Every structure is written in C-alpha cells, then in structure tokens.
Amino acid sequence: VFIAAGEIRGIVPKSYLPSTNEFYEERWFTSEFERPVDELDWEGRAIPFGADLLFSPEGMDGALIGIEICEDLWAVEPP
C-alpha cells in the first residue's frame with residue numbers, strides 16, 4: 001500500500017510468489033498476473049491496484065516511485 005499525505009494512492013500486489021519450503025505463498029495468495037481488476041473500492045474511493053503503478057508524491061518534484069515486492073526484485077522479468 002502506497003500512502004502519501006495521509007491518503008492511499010495505490011496498492012501494489014506481488015507478481016511472483018515464492019513457492020519453496022516455508023515460503024510456499026501460492027497456498028494462500030494469487031499472483032498479480034491473475035488479478036481481475038485495476039481498481040479496488042475503499043470507503044467509496046477507487047484505489048488503483050496493480051504492479052505497473054508509478055507514484056509521483058506531492059512535494060517531491062521529479063521523483064517517480066515504483067514498487068517491487070520480495071520475489072519481484074530478482075525475477076528474470078520484473079513487473
């Protein structure tokens with residue numbers, strides 16, 4: 001979840017789920033590649049949802065932030 005100025009700006013899910021030993025996350029979670037929506041409703045607001053989100057926080061001119069989580073960092077084709 002990316003939060004700026006007290007507001008949820010977007011939600012970035014994992015794309016590549018670990019599948020070894022105690023890190024077998026596919027038991028409980030679904031990969032970003034199988035997501036059915038691009039937005040989630042949060043208290044009546046549409047919140048962007050996806051691994052392809054880029055954030056440009058207010059007051060940080062020129063900054064562009066992308067988020068990669070866990071396995072996504074070292075995947076052959078990162079999201």
# chains A, B, ... in the order shown; residues from 1 in each chain; ligands from 1

call {"tool": "residues_around", "arguments": {"residues": "range 49-60 of chain A", "least_positions_apart": "6", "cutoff": "7 Å", "atoms": "only C-alpha atoms", "output": "list in words"}}
result
Ala4, Gly10, Ile11, Val12, Pro13, Ser15, Glu32, Asp38, Glu39, Leu40, Gly66 and Pro79 of chain A

call {"tool": "write_last_selection", "arguments": {"atoms": "C-alpha atoms", "output": "PDB file, in the first residue's frame"}}
result
ATOM      1  CA  ALA A   4       1.127   9.895   0.698  1.00  0.00           C
ATOM      2  CA  GLY A  10      -2.407   2.790  -4.727  1.00  0.00           C
ATOM      3  CA  ILE A  11      -1.998  -0.863  -3.838  1.00  0.00           C
ATOM      4  CA  VAL A  12       0.802  -2.912  -5.416  1.00  0.00           C
ATOM      5  CA  PRO A  13       0.444  -6.708  -5.187  1.00  0.00           C
ATOM      6  CA  SER A  15       3.659 -10.642  -9.108  1.00  0.00           C
ATOM      7  CA  GLU A  32      -0.756 -10.152  -9.706  1.00  0.00           C
ATOM      8  CA  ASP A  38      -7.375  -2.499 -11.937  1.00  0.00           C
ATOM      9  CA  GLU A  39      -9.057  -0.694  -9.043  1.00  0.00           C
ATOM     10  CA  LEU A  40     -10.372  -1.544  -5.602  1.00  0.00           C
ATOM     11  CA  GLY A  66       7.833   2.241  -8.433  1.00  0.00           C
ATOM     12  CA  PRO A  79       6.944  -6.332 -13.297  1.00  0.00           C
TER      13      PRO A  79
END

call {"tool": "residues_around", "arguments": {"residues": "Tyr16 in chain A", "least_positions_apart": "5", "cutoff": "8 Å", "atoms": "only C-alpha atoms", "output": "list in words"}}
result
Ser31, Glu32, Glu71, Asp72 and Ala75 of chain A

call {"tool": "select_by_dssp", "arguments": {"residues": "chain A", "states": "helix (DSSP H, G or I)", "output": "list in words"}}
result
Asn21, Glu22, Phe23, Glu25, Glu26, Arg27, Glu32, Phe33, Glu34, Cys70, Glu71, Asp72, Leu73 and Trp74 of chain A

call {"tool": "select_by_dssp", "arguments": {"residues": "chain A", "states": "strand (DSSP E or B)", "output": "PyMOL selection string"}}
result
chain A and resi 2-4+7-11+39-42+45-49+54-55+65-66

call {"tool": "atom_distance", "arguments": {"atom1": "CA of Ile69 in chain A", "atom2": "CA of Lys14 in chain A"}}
result
5.8 Å

call {"tool": "atom_distance", "arguments": {"atom1": "CA of Ile8 in chain A", "atom2": "CA of Trp28 in chain A"}}
result
24.4 Å

call {"tool": "atom_distance", "arguments": {"atom1": "CA of Val76 in chain A", "atom2": "CA of Arg9 in chain A"}}
result
27.6 Å
